[in-house]
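Report on the following structure.
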Amino acid sequence: VLCRVALKGGHIDPVTFSDLRLMSGAVVLLPLLLRREGKKQDLWSVKSGFFLMAYALCFSLAYIHLDTGTGALLLFGVVQLAMVAHGLFHGESMSFSRATGLGLAVAGIAALLLPGAKAPPLGSAVLMALSGLAWTAYTLCGKRSPNPAQVTAANFIFAVPFALVLSPFISQGAHFDGIGILLAVLSGAGASAGAYVLWYSLLPRLESVTASTVQLSVPCLAMLGGVTFLGESMSLRMAFSTLAVLAGILLVIKAPVQKIPL
């Protein structure tokens, strides 16, 4: 929502927003690394930093021409498919209860794109799909995190140079004002830094199918945020879709977990 507010209002360009988002997140999380004693080699992952940068940059670029809900839908639709495929490939079970919950959550999300909904521009849709794949890779890397808070801090610090090197080649003209800077910093230092530490803390306890299904709540929350803060429309279809997604998530979480041999 913060990203969409910043871009919709023309307060900042998407590349500068992403750079500031990553830098502010790195600054806020840096003390977690400075306090660590002993070896730090196990915290640093070049690929995790790259995936975080790719997710943030593609995310901002895609949101230029997408509304809040559609962008979140595309993002986590791709995440859902990729993580479920990964989980099934690695032996996670798909019981009737889990399959029903997953199907209900996906149906709730899909209902938001029934005929009559505005089709997203192809370029923006592709960028958001790439962002979803990058977030999937970043999430899967976090399932083996030895220390979620410090690993997240290291990932942000690694992501910054990647972003700064790439930005001049893809930027179409930097511009920003005080509100744009504030929104980018709030997105990175506030929303992203804390939420990503929490997410990495939860991942080792979740299977891929469960983790991906839980994330389907994000499009619903994003749509509600768009209605609240951006004046985007709220429909009966949106309300029923949100209820379906939440019910599906509950079924997946409550379903018994069994491993199947490969």
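Chain labels A, B, ... are given in the sequence in which chains occur in the structure tokens; within each chain residues are numbered consecutively from 1, and ligands are likewise numbered from 1 in the order shown.
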
Can you list every residue of range 122-202 of chain A that has an atom at most 12 Å from range 54-65 of chain A, with its nearest atom pair and the distance in Å to one decimal, using only C-alpha atoms, ordered by chain then number, as JSON lines?
{"residue": "A:Leu122", "atom": "CA", "partner": "A:Ala62", "partner_atom": "CA", "distance": 9.9}
{"residue": "A:Gly123", "atom": "CA", "partner": "A:Ala62", "partner_atom": "CA", "distance": 7.7}
{"residue": "A:Ser124", "atom": "CA", "partner": "A:Ala62", "partner_atom": "CA", "distance": 4.4}
{"residue": "A:Ala125", "atom": "CA", "partner": "A:Ala62", "partner_atom": "CA", "distance": 6.8}
{"residue": "A:Val126", "atom": "CA", "partner": "A:Ala62", "partner_atom": "CA", "distance": 8.0}
{"residue": "A:Leu127", "atom": "CA", "partner": "A:Ala62", "partner_atom": "CA", "distance": 5.4}
{"residue": "A:Met128", "atom": "CA", "partner": "A:Ala62", "partner_atom": "CA", "distance": 5.5}
{"residue": "A:Ala129", "atom": "CA", "partner": "A:Cys58", "partner_atom": "CA", "distance": 8.6}
{"residue": "A:Leu130", "atom": "CA", "partner": "A:Cys58", "partner_atom": "CA", "distance": 6.8}
{"residue": "A:Ser131", "atom": "CA", "partner": "A:Tyr55", "partner_atom": "CA", "distance": 4.3}
{"residue": "A:Gly132", "atom": "CA", "partner": "A:Tyr55", "partner_atom": "CA", "distance": 6.9}
{"residue": "A:Leu133", "atom": "CA", "partner": "A:Tyr55", "partner_atom": "CA", "distance": 7.9}
{"residue": "A:Ala134", "atom": "CA", "partner": "A:Tyr55", "partner_atom": "CA", "distance": 5.1}
{"residue": "A:Trp135", "atom": "CA", "partner": "A:Tyr55", "partner_atom": "CA", "distance": 5.6}
{"residue": "A:Thr136", "atom": "CA", "partner": "A:Tyr55", "partner_atom": "CA", "distance": 9.1}
{"residue": "A:Ala137", "atom": "CA", "partner": "A:Tyr55", "partner_atom": "CA", "distance": 9.5}
{"residue": "A:Tyr138", "atom": "CA", "partner": "A:Tyr55", "partner_atom": "CA", "distance": 8.5}
{"residue": "A:Thr139", "atom": "CA", "partner": "A:Tyr55", "partner_atom": "CA", "distance": 10.9}
{"residue": "A:Phe156", "atom": "CA", "partner": "A:Ala56", "partner_atom": "CA", "distance": 10.7}
{"residue": "A:Phe158", "atom": "CA", "partner": "A:Ala54", "partner_atom": "CA", "distance": 11.9}
{"residue": "A:Ala159", "atom": "CA", "partner": "A:Ala54", "partner_atom": "CA", "distance": 8.6}
{"residue": "A:Val160", "atom": "CA", "partner": "A:Ala56", "partner_atom": "CA", "distance": 10.7}
{"residue": "A:Phe162", "atom": "CA", "partner": "A:Ala54", "partner_atom": "CA", "distance": 8.8}
{"residue": "A:Ala163", "atom": "CA", "partner": "A:Leu57", "partner_atom": "CA", "distance": 7.7}
{"residue": "A:Leu164", "atom": "CA", "partner": "A:Leu57", "partner_atom": "CA", "distance": 10.8}
{"residue": "A:Leu166", "atom": "CA", "partner": "A:Leu57", "partner_atom": "CA", "distance": 9.6}
{"residue": "A:Ser167", "atom": "CA", "partner": "A:Leu57", "partner_atom": "CA", "distance": 8.8}
{"residue": "A:Ile170", "atom": "CA", "partner": "A:Leu61", "partner_atom": "CA", "distance": 9.7}
{"residue": "A:Ser171", "atom": "CA", "partner": "A:Leu61", "partner_atom": "CA", "distance": 9.6}
{"residue": "A:Gln172", "atom": "CA", "partner": "A:Leu61", "partner_atom": "CA", "distance": 10.7}
{"residue": "A:Ala184", "atom": "CA", "partner": "A:Ser60", "partner_atom": "CA", "distance": 10.6}
{"residue": "A:Ser187", "atom": "CA", "partner": "A:Ala56", "partner_atom": "CA", "distance": 10.8}
{"residue": "A:Gly188", "atom": "CA", "partner": "A:Ala56", "partner_atom": "CA", "distance": 10.0}
{"residue": "A:Ser192", "atom": "CA", "partner": "A:Ala56", "partner_atom": "CA", "distance": 10.1}

Keeping only N, CA and C atoms, write those residues as a short mmCIF file (atom, residue, chain, number, x, y, z; two decimals), in the first residue's frame.
data_model
loop_
_atom_site.label_atom_id
_atom_site.label_comp_id
_atom_site.auth_asym_id
_atom_site.auth_seq_id
_atom_site.Cartn_x
_atom_site.Cartn_y
_atom_site.Cartn_z
N LEU A 122 0.26 -6.09 -19.79
CA LEU A 122 1.10 -7.27 -19.90
C LEU A 122 2.48 -7.04 -19.28
N GLY A 123 3.11 -5.92 -19.59
CA GLY A 123 4.45 -5.66 -19.07
C GLY A 123 4.48 -5.63 -17.56
N SER A 124 3.50 -4.96 -16.96
CA SER A 124 3.43 -4.89 -15.50
C SER A 124 3.13 -6.26 -14.90
N ALA A 125 2.29 -7.04 -15.58
CA ALA A 125 1.97 -8.38 -15.09
C ALA A 125 3.21 -9.27 -15.10
N VAL A 126 4.01 -9.18 -16.16
CA VAL A 126 5.24 -9.97 -16.24
C VAL A 126 6.21 -9.58 -15.14
N LEU A 127 6.36 -8.28 -14.91
CA LEU A 127 7.26 -7.81 -13.84
C LEU A 127 6.80 -8.30 -12.47
N MET A 128 5.49 -8.29 -12.24
CA MET A 128 4.99 -8.75 -10.95
C MET A 128 5.16 -10.26 -10.82
N ALA A 129 5.04 -10.98 -11.93
CA ALA A 129 5.28 -12.43 -11.89
C ALA A 129 6.75 -12.72 -11.55
N LEU A 130 7.66 -11.96 -12.15
CA LEU A 130 9.08 -12.11 -11.83
C LEU A 130 9.34 -11.78 -10.36
N SER A 131 8.64 -10.77 -9.85
CA SER A 131 8.76 -10.43 -8.44
C SER A 131 8.29 -11.59 -7.57
N GLY A 132 7.21 -12.25 -7.99
CA GLY A 132 6.71 -13.40 -7.25
C GLY A 132 7.69 -14.56 -7.24
N LEU A 133 8.34 -14.81 -8.36
CA LEU A 133 9.33 -15.88 -8.41
C LEU A 133 10.53 -15.56 -7.52
N ALA A 134 10.94 -14.28 -7.53
CA ALA A 134 12.06 -13.87 -6.67
C ALA A 134 11.69 -14.02 -5.20
N TRP A 135 10.45 -13.65 -4.84
CA TRP A 135 10.02 -13.79 -3.45
C TRP A 135 9.93 -15.26 -3.05
N THR A 136 9.51 -16.12 -3.96
CA THR A 136 9.47 -17.55 -3.68
C THR A 136 10.87 -18.06 -3.37
N ALA A 137 11.84 -17.68 -4.20
CA ALA A 137 13.22 -18.11 -3.98
C ALA A 137 13.75 -17.58 -2.66
N TYR A 138 13.44 -16.32 -2.35
CA TYR A 138 13.87 -15.72 -1.09
C TYR A 138 13.24 -16.44 0.10
N THR A 139 11.98 -16.79 -0.02
CA THR A 139 11.28 -17.49 1.05
C THR A 139 11.87 -18.88 1.28
N PHE A 156 19.36 -7.80 3.61
CA PHE A 156 19.13 -6.41 3.22
C PHE A 156 20.44 -5.72 2.87
N PHE A 158 23.19 -7.06 1.73
CA PHE A 158 23.65 -7.57 0.44
C PHE A 158 22.80 -7.03 -0.71
N ALA A 159 21.51 -6.82 -0.47
CA ALA A 159 20.61 -6.38 -1.53
C ALA A 159 20.92 -4.95 -1.98
N VAL A 160 21.40 -4.12 -1.07
CA VAL A 160 21.64 -2.71 -1.39
C VAL A 160 22.63 -2.52 -2.53
N PHE A 162 23.54 -4.57 -4.86
CA PHE A 162 22.92 -5.09 -6.09
C PHE A 162 21.99 -4.04 -6.69
N ALA A 163 21.16 -3.43 -5.86
CA ALA A 163 20.19 -2.44 -6.34
C ALA A 163 20.89 -1.19 -6.87
N LEU A 164 21.89 -0.71 -6.17
CA LEU A 164 22.58 0.50 -6.58
C LEU A 164 23.35 0.32 -7.89
N LEU A 166 22.48 -1.86 -10.31
CA LEU A 166 21.51 -2.08 -11.39
C LEU A 166 20.67 -0.85 -11.70
N SER A 167 20.39 -0.03 -10.70
CA SER A 167 19.44 1.08 -10.83
C SER A 167 19.74 2.03 -11.98
N ILE A 170 18.28 0.88 -15.41
CA ILE A 170 16.85 0.68 -15.62
C ILE A 170 16.02 1.91 -15.24
N SER A 171 16.63 2.87 -14.59
CA SER A 171 15.89 4.06 -14.19
C SER A 171 15.55 4.91 -15.40
N GLN A 172 14.33 5.43 -15.44
CA GLN A 172 13.90 6.31 -16.52
C GLN A 172 13.80 7.75 -16.05
N ALA A 184 8.95 5.66 1.29
CA ALA A 184 9.94 4.62 1.00
C ALA A 184 10.64 4.16 2.27
N SER A 187 8.29 2.11 4.33
CA SER A 187 8.14 0.79 3.73
C SER A 187 9.31 -0.12 4.07
N GLY A 188 10.52 0.43 4.03
CA GLY A 188 11.71 -0.38 4.30
C GLY A 188 11.99 -0.57 5.77
N SER A 192 8.78 -3.51 5.94
CA SER A 192 9.56 -4.63 5.40
C SER A 192 10.50 -5.24 6.43
#

- prompt: For Leu88 in chain A, which of A:Ser45, A:Gly173, A:Thr210, A:Ala239 is the closest residue, counting only C-alpha atoms?
  reply: A:Thr210

message: One number please: CA of Leu250 in chain A to CA of Val106 in chain A, in Å, one decimal.
response: 13.0 Å

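Nearest to Gly49 in chain A of all the residues A:Ile157, A:Val78, A:Ala149, A:Leu34 is A:Ile157, based on only C-alpha atoms.
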
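Comparing A:Gly91, A:His86, A:Ala110, A:Leu243 by their smallest distance to Leu74 in chain A, the closest is A:Ala110 (using only C-alpha atoms).
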
message: Need the shell around Phe17 in chain A: protein/DNA/RNA residues with any atom at most 9 Å away, counting only C-alpha atoms. Skip same-chain ones fewer than 6 positions apart. Format as JSON, numbers by chain?
response: {"A": [3, 6, 7, 57, 60, 176, 180, 181, 183, 184, 185]}

Write the residues of the selection above to a file with all heavy atoms, as an mmCIF file, in the first residue's frame.
data_model
loop_
_atom_site.group_PDB
_atom_site.id
_atom_site.type_symbol
_atom_site.label_atom_id
_atom_site.label_comp_id
_atom_site.auth_asym_id
_atom_site.auth_seq_id
_atom_site.Cartn_x
_atom_site.Cartn_y
_atom_site.Cartn_z
ATOM 1 N N CYS A 3 3.854 1.573 -1.196
ATOM 2 C CA CYS A 3 4.443 1.695 -2.529
ATOM 3 C C CYS A 3 3.437 2.292 -3.504
ATOM 4 O O CYS A 3 3.764 3.203 -4.267
ATOM 5 C CB CYS A 3 4.916 0.325 -3.011
ATOM 6 S SG CYS A 3 5.619 0.321 -4.666
ATOM 7 N N ALA A 6 2.872 6.006 -2.896
ATOM 8 C CA ALA A 6 4.008 6.813 -3.350
ATOM 9 C C ALA A 6 4.028 6.960 -4.863
ATOM 10 O O ALA A 6 4.264 8.054 -5.400
ATOM 11 C CB ALA A 6 5.307 6.184 -2.862
ATOM 12 N N LEU A 7 3.763 5.863 -5.579
ATOM 13 C CA LEU A 7 3.842 5.896 -7.033
ATOM 14 C C LEU A 7 2.613 6.548 -7.653
ATOM 15 O O LEU A 7 2.728 7.313 -8.626
ATOM 16 C CB LEU A 7 4.010 4.476 -7.579
ATOM 17 C CG LEU A 7 5.274 3.733 -7.147
ATOM 18 C CD1 LEU A 7 5.318 2.349 -7.771
ATOM 19 C CD2 LEU A 7 6.524 4.519 -7.515
ATOM 20 N N LEU A 57 12.643 -4.597 -6.559
ATOM 21 C CA LEU A 57 12.734 -3.752 -7.745
ATOM 22 C C LEU A 57 11.618 -4.066 -8.744
ATOM 23 O O LEU A 57 10.938 -3.153 -9.244
ATOM 24 C CB LEU A 57 14.100 -3.932 -8.394
ATOM 25 C CG LEU A 57 14.544 -2.867 -9.397
ATOM 26 C CD1 LEU A 57 14.491 -1.484 -8.773
ATOM 27 C CD2 LEU A 57 15.962 -3.162 -9.884
ATOM 28 N N SER A 60 8.192 -2.736 -7.416
ATOM 29 C CA SER A 60 7.939 -1.300 -7.579
ATOM 30 C C SER A 60 7.689 -0.925 -9.033
ATOM 31 O O SER A 60 6.790 -0.138 -9.338
ATOM 32 C CB SER A 60 9.117 -0.497 -7.026
ATOM 33 O OG SER A 60 9.283 -0.709 -5.642
ATOM 34 N N PHE A 176 11.780 12.660 -6.787
ATOM 35 C CA PHE A 176 11.228 12.367 -5.467
ATOM 36 C C PHE A 176 10.953 13.661 -4.734
ATOM 37 O O PHE A 176 11.503 14.721 -5.063
ATOM 38 C CB PHE A 176 12.191 11.497 -4.646
ATOM 39 C CG PHE A 176 13.590 12.037 -4.578
ATOM 40 C CD1 PHE A 176 13.952 12.989 -3.635
ATOM 41 C CD2 PHE A 176 14.556 11.585 -5.474
ATOM 42 C CE1 PHE A 176 15.240 13.486 -3.575
ATOM 43 C CE2 PHE A 176 15.843 12.082 -5.432
ATOM 44 C CZ PHE A 176 16.189 13.030 -4.481
ATOM 45 N N GLY A 180 7.521 11.184 -0.814
ATOM 46 C CA GLY A 180 8.008 9.958 -1.433
ATOM 47 C C GLY A 180 9.127 9.314 -0.631
ATOM 48 O O GLY A 180 9.156 8.091 -0.447
ATOM 49 N N ILE A 181 10.050 10.144 -0.152
ATOM 50 C CA ILE A 181 11.152 9.627 0.670
ATOM 51 C C ILE A 181 10.609 9.023 1.961
ATOM 52 O O ILE A 181 11.018 7.935 2.380
ATOM 53 C CB ILE A 181 12.162 10.750 0.976
ATOM 54 C CG1 ILE A 181 12.870 11.191 -0.316
ATOM 55 C CG2 ILE A 181 13.184 10.287 2.011
ATOM 56 C CD1 ILE A 181 13.777 12.378 -0.136
ATOM 57 N N LEU A 183 7.615 7.768 2.561
ATOM 58 C CA LEU A 183 6.908 6.523 2.297
ATOM 59 C C LEU A 183 7.874 5.374 2.014
ATOM 60 O O LEU A 183 7.654 4.243 2.457
ATOM 61 C CB LEU A 183 5.949 6.709 1.128
ATOM 62 C CG LEU A 183 4.735 7.612 1.397
ATOM 63 C CD1 LEU A 183 3.993 7.910 0.104
ATOM 64 C CD2 LEU A 183 3.804 6.964 2.408
ATOM 65 N N ALA A 184 8.950 5.657 1.293
ATOM 66 C CA ALA A 184 9.936 4.619 0.999
ATOM 67 C C ALA A 184 10.636 4.155 2.273
ATOM 68 O O ALA A 184 10.855 2.954 2.479
ATOM 69 C CB ALA A 184 10.966 5.137 -0.008
ATOM 70 N N VAL A 185 10.981 5.110 3.133
ATOM 71 C CA VAL A 185 11.648 4.762 4.392
ATOM 72 C C VAL A 185 10.708 3.984 5.309
ATOM 73 O O VAL A 185 11.100 3.007 5.946
ATOM 74 C CB VAL A 185 12.171 6.031 5.088
ATOM 75 C CG1 VAL A 185 12.654 5.718 6.498
ATOM 76 C CG2 VAL A 185 13.298 6.658 4.271
#

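One finds CA of Pro161 in chain A at 20.2 Å from CA of Ile12 in chain A.
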
task: Please provide as a list in words all residues within 8 Å of Ser145 in chain A, with the sequence filter that same-chain residues fewer than 3 positions apart are discarded (counting only C-alpha atoms).
output: Cys141, Gly142, Pro148, Val151, Tyr200 and Pro204 of chain A

Would you mind exporting the chosen residues as a PDB file, in the first residue's frame, restricted to all heavy atoms?
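Wrote it out as part_29.pdb, contents follow:
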ATOM      1  N   CYS A 141      14.857 -19.886   0.652  1.00  0.00           N
ATOM      2  CA  CYS A 141      16.176 -19.739   1.266  1.00  0.00           C
ATOM      3  C   CYS A 141      16.045 -19.563   2.782  1.00  0.00           C
ATOM      4  O   CYS A 141      16.914 -19.988   3.545  1.00  0.00           O
ATOM      5  CB  CYS A 141      16.909 -18.531   0.688  1.00  0.00           C
ATOM      6  SG  CYS A 141      17.502 -18.747  -1.008  1.00  0.00           S
ATOM      7  N   GLY A 142      14.947 -18.948   3.223  1.00  0.00           N
ATOM      8  CA  GLY A 142      14.759 -18.672   4.635  1.00  0.00           C
ATOM      9  C   GLY A 142      14.342 -19.857   5.467  1.00  0.00           C
ATOM     10  O   GLY A 142      14.350 -19.784   6.701  1.00  0.00           O
ATOM     11  N   PRO A 148      16.990 -15.923  12.239  1.00  0.00           N
ATOM     12  CA  PRO A 148      16.151 -15.153  11.308  1.00  0.00           C
ATOM     13  C   PRO A 148      16.419 -13.659  11.299  1.00  0.00           C
ATOM     14  O   PRO A 148      16.496 -13.047  10.224  1.00  0.00           O
ATOM     15  CB  PRO A 148      14.730 -15.455  11.802  1.00  0.00           C
ATOM     16  CG  PRO A 148      14.841 -16.760  12.498  1.00  0.00           C
ATOM     17  CD  PRO A 148      16.190 -16.775  13.128  1.00  0.00           C
ATOM     18  N   VAL A 151      20.015 -12.988   9.832  1.00  0.00           N
ATOM     19  CA  VAL A 151      20.050 -13.373   8.424  1.00  0.00           C
ATOM     20  C   VAL A 151      19.299 -12.353   7.570  1.00  0.00           C
ATOM     21  O   VAL A 151      19.753 -11.972   6.487  1.00  0.00           O
ATOM     22  CB  VAL A 151      19.457 -14.785   8.237  1.00  0.00           C
ATOM     23  CG1 VAL A 151      19.189 -15.074   6.761  1.00  0.00           C
ATOM     24  CG2 VAL A 151      20.411 -15.833   8.799  1.00  0.00           C
ATOM     25  N   TYR A 200      10.800 -14.906   8.327  1.00  0.00           N
ATOM     26  CA  TYR A 200      11.909 -15.862   8.401  1.00  0.00           C
ATOM     27  C   TYR A 200      11.876 -16.644   9.714  1.00  0.00           C
ATOM     28  O   TYR A 200      12.356 -17.772   9.780  1.00  0.00           O
ATOM     29  CB  TYR A 200      13.237 -15.129   8.241  1.00  0.00           C
ATOM     30  CG  TYR A 200      13.837 -15.223   6.858  1.00  0.00           C
ATOM     31  CD1 TYR A 200      13.025 -15.352   5.733  1.00  0.00           C
ATOM     32  CD2 TYR A 200      15.213 -15.197   6.659  1.00  0.00           C
ATOM     33  CE1 TYR A 200      13.566 -15.436   4.467  1.00  0.00           C
ATOM     34  CE2 TYR A 200      15.772 -15.284   5.390  1.00  0.00           C
ATOM     35  CZ  TYR A 200      14.951 -15.410   4.296  1.00  0.00           C
ATOM     36  OH  TYR A 200      15.500 -15.512   3.040  1.00  0.00           O
ATOM     37  N   PRO A 204      10.740 -21.894   9.224  1.00  0.00           N
ATOM     38  CA  PRO A 204      11.191 -23.252   9.561  1.00  0.00           C
ATOM     39  C   PRO A 204      10.097 -24.124  10.157  1.00  0.00           C
ATOM     40  O   PRO A 204      10.216 -25.349  10.164  1.00  0.00           O
ATOM     41  CB  PRO A 204      12.308 -22.987  10.593  1.00  0.00           C
ATOM     42  CG  PRO A 204      12.805 -21.613  10.272  1.00  0.00           C
ATOM     43  CD  PRO A 204      11.576 -20.865   9.858  1.00  0.00           C
TER      44      PRO A 204
END

message: Which residue is closest to Leu251 in chain A? Choose from A:Ala154, A:Ser201, A:Leu236, A:Ser95 and count only C-alpha atoms.
response: A:Ser95

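Counting only C-alpha atoms and comparing A:Ser48, A:Leu73, A:Pro168, A:Gly87, the residue that lies closest to Ala107 in chain A is A:Leu73.
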